[in-house]
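*Asks:* The structure's right below; bear with me while I get my questions together.
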Amino acid sequence: MMQSNSFLLYGANGYSGELIARYAKQYDLQPILAGRRKDVIEPLANKLGFPFRVFDVNDSASLQAALREVKVVMNAAGPFQYTARQMTEACLQTGTHYLDINGDISIFEMIKQYDAAAKRANIMLLPGAGFDVVPTDCLALQLKNLLPAAISLKLAFASLGGGLSHGTATTMATKLGEGGAVRKKGKIIREPLGKKGMWVDFGVKKIFVMTIPWGDISTAHFTTGIPDIESYTGMSPKVYYLLKAQFLFNWLLRTNFVRNRLKKKINQKPAGPSDEQRSKASSLVWGQATTADGKTATARLSGPDGYTLTACSALIMVKKVLHGNFSSGYQTPASAYGENLVMETPGMKRELVE
């Protein structure tokens, strides 16, 4: 018998997946923890008092059987290039809503192609239900609503304290040497990572940021229709200037040898920031929309660290879908739930900048 508050959490053994599992009871949710490794999933399920399933996403029979037990799946198993397509296609077969915490432009663009099929199946496909890209997506929609004639959008984020999880670091390692991306005249254009840099006043402090291929290059365009979009993140100016020579060594960064060496180093480190580190960290978001005649609207957000925000926003959206609050087809967080969605996460602050 399917419980009305249960959902499948795939990748519960990862850093973000485990955090979502730990926070679930606060939202009165009962995840079925799932992943490939019984030696990790079973002890976690026993510790938290949740049921569990063990299967690989490439085993379509087991995947579909698990999805038929629930209304919603939250995919927390990155890198998502190895899990998102299989999970999306299985959800279309089983009529299960799909959410994930991905932040990769190519995954958003891939899942978007299933929009019509998802509408026929009356299910929602909503990737990016975490720090990638909930705060930036909500800020993008807020700025579009403030300035409907906007033709360009800049979004920037930075973290104070905290650190990276294995999953995030591994995803970054698999993208090494592949450069950056922006959106120009509605099209995604590849360009060097960190092609542009600038100082941004996040309110609590000014931080140097540089362009990166963040998920908003895909999602903010879907949410707002704004044709020109750039995404920035906090970076040491020294690293920024070092990246100006990246074209000389991108070929080396793309080799399996370098990527595998990095992944090995990542796996020797802690799974992610400790609870204490997270409690002291915070995330900052800034956005600016501009019209053709130079009018601007600027807004800022601040809140808990990115991993805590991910766990809370993912669970908030799972709960909405379980209660029948969803829009069928491909969605972004703000297209489905509006600019105020991010404010449902505890500790968020938002301000317009004069």
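We name chains A, B, ... following the order of the structure tokens; residues begin at 1 in each chain, and ligands are numbered from 1 as shown.
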Can you list, as an mmCIF file with N, CA and C atoms, in the first residue's frame, every protein, DNA or RNA residue that comes within 7 Å of Ser302 in chain A when you count only C-alpha atoms, leaving out same-chain residues fewer than 5 positions away?
*Replies:*
data_model
loop_
_atom_site.group_PDB
_atom_site.id
_atom_site.type_symbol
_atom_site.label_atom_id
_atom_site.label_comp_id
_atom_site.auth_asym_id
_atom_site.auth_seq_id
_atom_site.Cartn_x
_atom_site.Cartn_y
_atom_site.Cartn_z
ATOM 1 N N SER A 283 24.750 31.231 1.582
ATOM 2 C CA SER A 283 24.806 31.424 0.134
ATOM 3 C C SER A 283 24.239 32.793 -0.210
ATOM 4 N N LEU A 284 24.823 33.415 -1.211
ATOM 5 C CA LEU A 284 24.447 34.760 -1.648
ATOM 6 C C LEU A 284 24.113 34.716 -3.136
ATOM 7 N N VAL A 285 23.046 35.400 -3.529
ATOM 8 C CA VAL A 285 22.644 35.431 -4.940
ATOM 9 C C VAL A 285 22.335 36.870 -5.324
ATOM 10 N N MET A 348 15.753 32.412 4.404
ATOM 11 C CA MET A 348 15.995 33.195 3.196
ATOM 12 C C MET A 348 15.633 34.663 3.426
ATOM 13 N N LYS A 349 16.450 35.546 2.839
ATOM 14 C CA LYS A 349 16.162 36.997 2.858
ATOM 15 C C LYS A 349 16.273 37.508 1.428
ATOM 16 N N ARG A 350 15.407 38.475 1.088
ATOM 17 C CA ARG A 350 15.392 38.980 -0.282
ATOM 18 C C ARG A 350 15.271 40.496 -0.239
#
*Asks:* As a VMD selection string, please: every residue in range 118-243 of chain A that DSSP puts in strand (DSSP E).
*Replies:* chain A and resid 124 to 126 152 to 160 180 to 184 187 to 191 197 to 201 206 to 211 228 to 234
*Asks:* Quick one: everything within 12 Å of Ala90 in chain A, counting only C-alpha atoms, minus sequence neighbours fewer than 2 positions away in the same chain. Send it as a VMD selection string.
*Replies:* chain A and resid 57 to 68 72 to 73 83 to 88 92 to 98 114 117 to 118 121 123 125
*Asks:* Name all residues at most 8 Å from Thr291 in chain A (count only C-alpha atoms; drop same-chain ones fewer than 3 positions away) and give them as a PyMOL selection string.
*Replies:* chain A and resi 147+149-152+294-296
*Asks:* Between CA of Pro213 in chain A and CA of Ala181 in chain A, what is the spacing in Å?
*Replies:*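 One can read the CA of Ala181 in chain A to CA of Pro213 in chain A distance as 4.7 Å.
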*Asks:* Which residue out of A:Thr233, A:Asn340, A:Ser274, A:Asn122 has the minimum interatomic distance to Asp216 in chain A when only C-alpha atoms are used?
*Replies:*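 Looking at the shortest contact to Asp216 in chain A, the residue is A:Thr233.
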*Asks:* Neighbours of Met235 in chain A within 7 Å (only C-alpha atoms; same-chain residues fewer than 2 positions away dropped), as a PyMOL selection string?
*Replies:* chain A and resi 208-210+233+237+239-240
*Asks:* So the first atom is CA of Val133 in chain A and the second is CA of Thr332 in chain A; what is the distance between them in Å, to one decimal place?
*Replies:* 8.4 Å
*Asks:* Could you give me, as a compact mmCIF listing (two decimals) with C-alpha atoms, in the first residue's frame, the residues within 10 Å of Asn325 in chain A, counting only C-alpha atoms and dropping anything in the same chain fewer than 6 positions from it?
*Replies:*
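Final output, part00.txt:
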# COMPACT_ATOMS: atom_id res chain seq x y z
CA MET A 317 8.69 20.59 -4.01
CA VAL A 318 8.23 16.85 -3.41
CA LYS A 319 5.54 17.70 -0.85
CA ALA A 336 6.05 25.67 -11.74
CA TYR A 337 5.88 27.52 -8.40
*Asks:* Counting only C-alpha atoms, what is within 9 Å of Ser335 in chain A, bar same-chain residues fewer than 5 positions away, as an mmCIF file with N, CA and C atoms, in the first residue's frame?
*Replies:*
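Contents of out-v7.cif, freshly written:
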data_model
loop_
_atom_site.group_PDB
_atom_site.id
_atom_site.type_symbol
_atom_site.label_atom_id
_atom_site.label_comp_id
_atom_site.auth_asym_id
_atom_site.auth_seq_id
_atom_site.Cartn_x
_atom_site.Cartn_y
_atom_site.Cartn_z
ATOM 1 N N ASP A 137 16.768 30.855 -10.234
ATOM 2 C CA ASP A 137 15.586 30.797 -11.100
ATOM 3 C C ASP A 137 14.477 31.706 -10.564
ATOM 4 N N CYS A 138 14.273 31.686 -9.244
ATOM 5 C CA CYS A 138 13.251 32.547 -8.623
ATOM 6 C C CYS A 138 13.635 34.017 -8.760
ATOM 7 N N LEU A 141 12.925 35.194 -12.355
ATOM 8 C CA LEU A 141 11.503 35.473 -12.596
ATOM 9 C C LEU A 141 11.080 36.776 -11.906
ATOM 10 N N PHE A 222 14.092 29.540 -20.167
ATOM 11 C CA PHE A 222 12.779 28.878 -20.184
ATOM 12 C C PHE A 222 11.798 29.643 -19.281
ATOM 13 N N THR A 223 12.272 30.052 -18.113
ATOM 14 C CA THR A 223 11.423 30.713 -17.116
ATOM 15 C C THR A 223 11.007 32.116 -17.533
ATOM 16 N N THR A 224 11.945 32.859 -18.143
ATOM 17 C CA THR A 224 11.702 34.290 -18.399
ATOM 18 C C THR A 224 11.586 34.658 -19.877
ATOM 19 N N SER A 327 2.505 21.161 -12.411
ATOM 20 C CA SER A 327 2.138 21.498 -13.791
ATOM 21 C C SER A 327 2.769 20.444 -14.679
#
*Asks:* Using DSSP on the backbone coordinates, identify the residues of range 2-192 of chain A assigned to alpha helix (DSSP H); present them as a ChimeraX atom specification.
*Replies:* /A:15-23,38-48,60-67,84-94,105-112,115-121,134-146,166-174
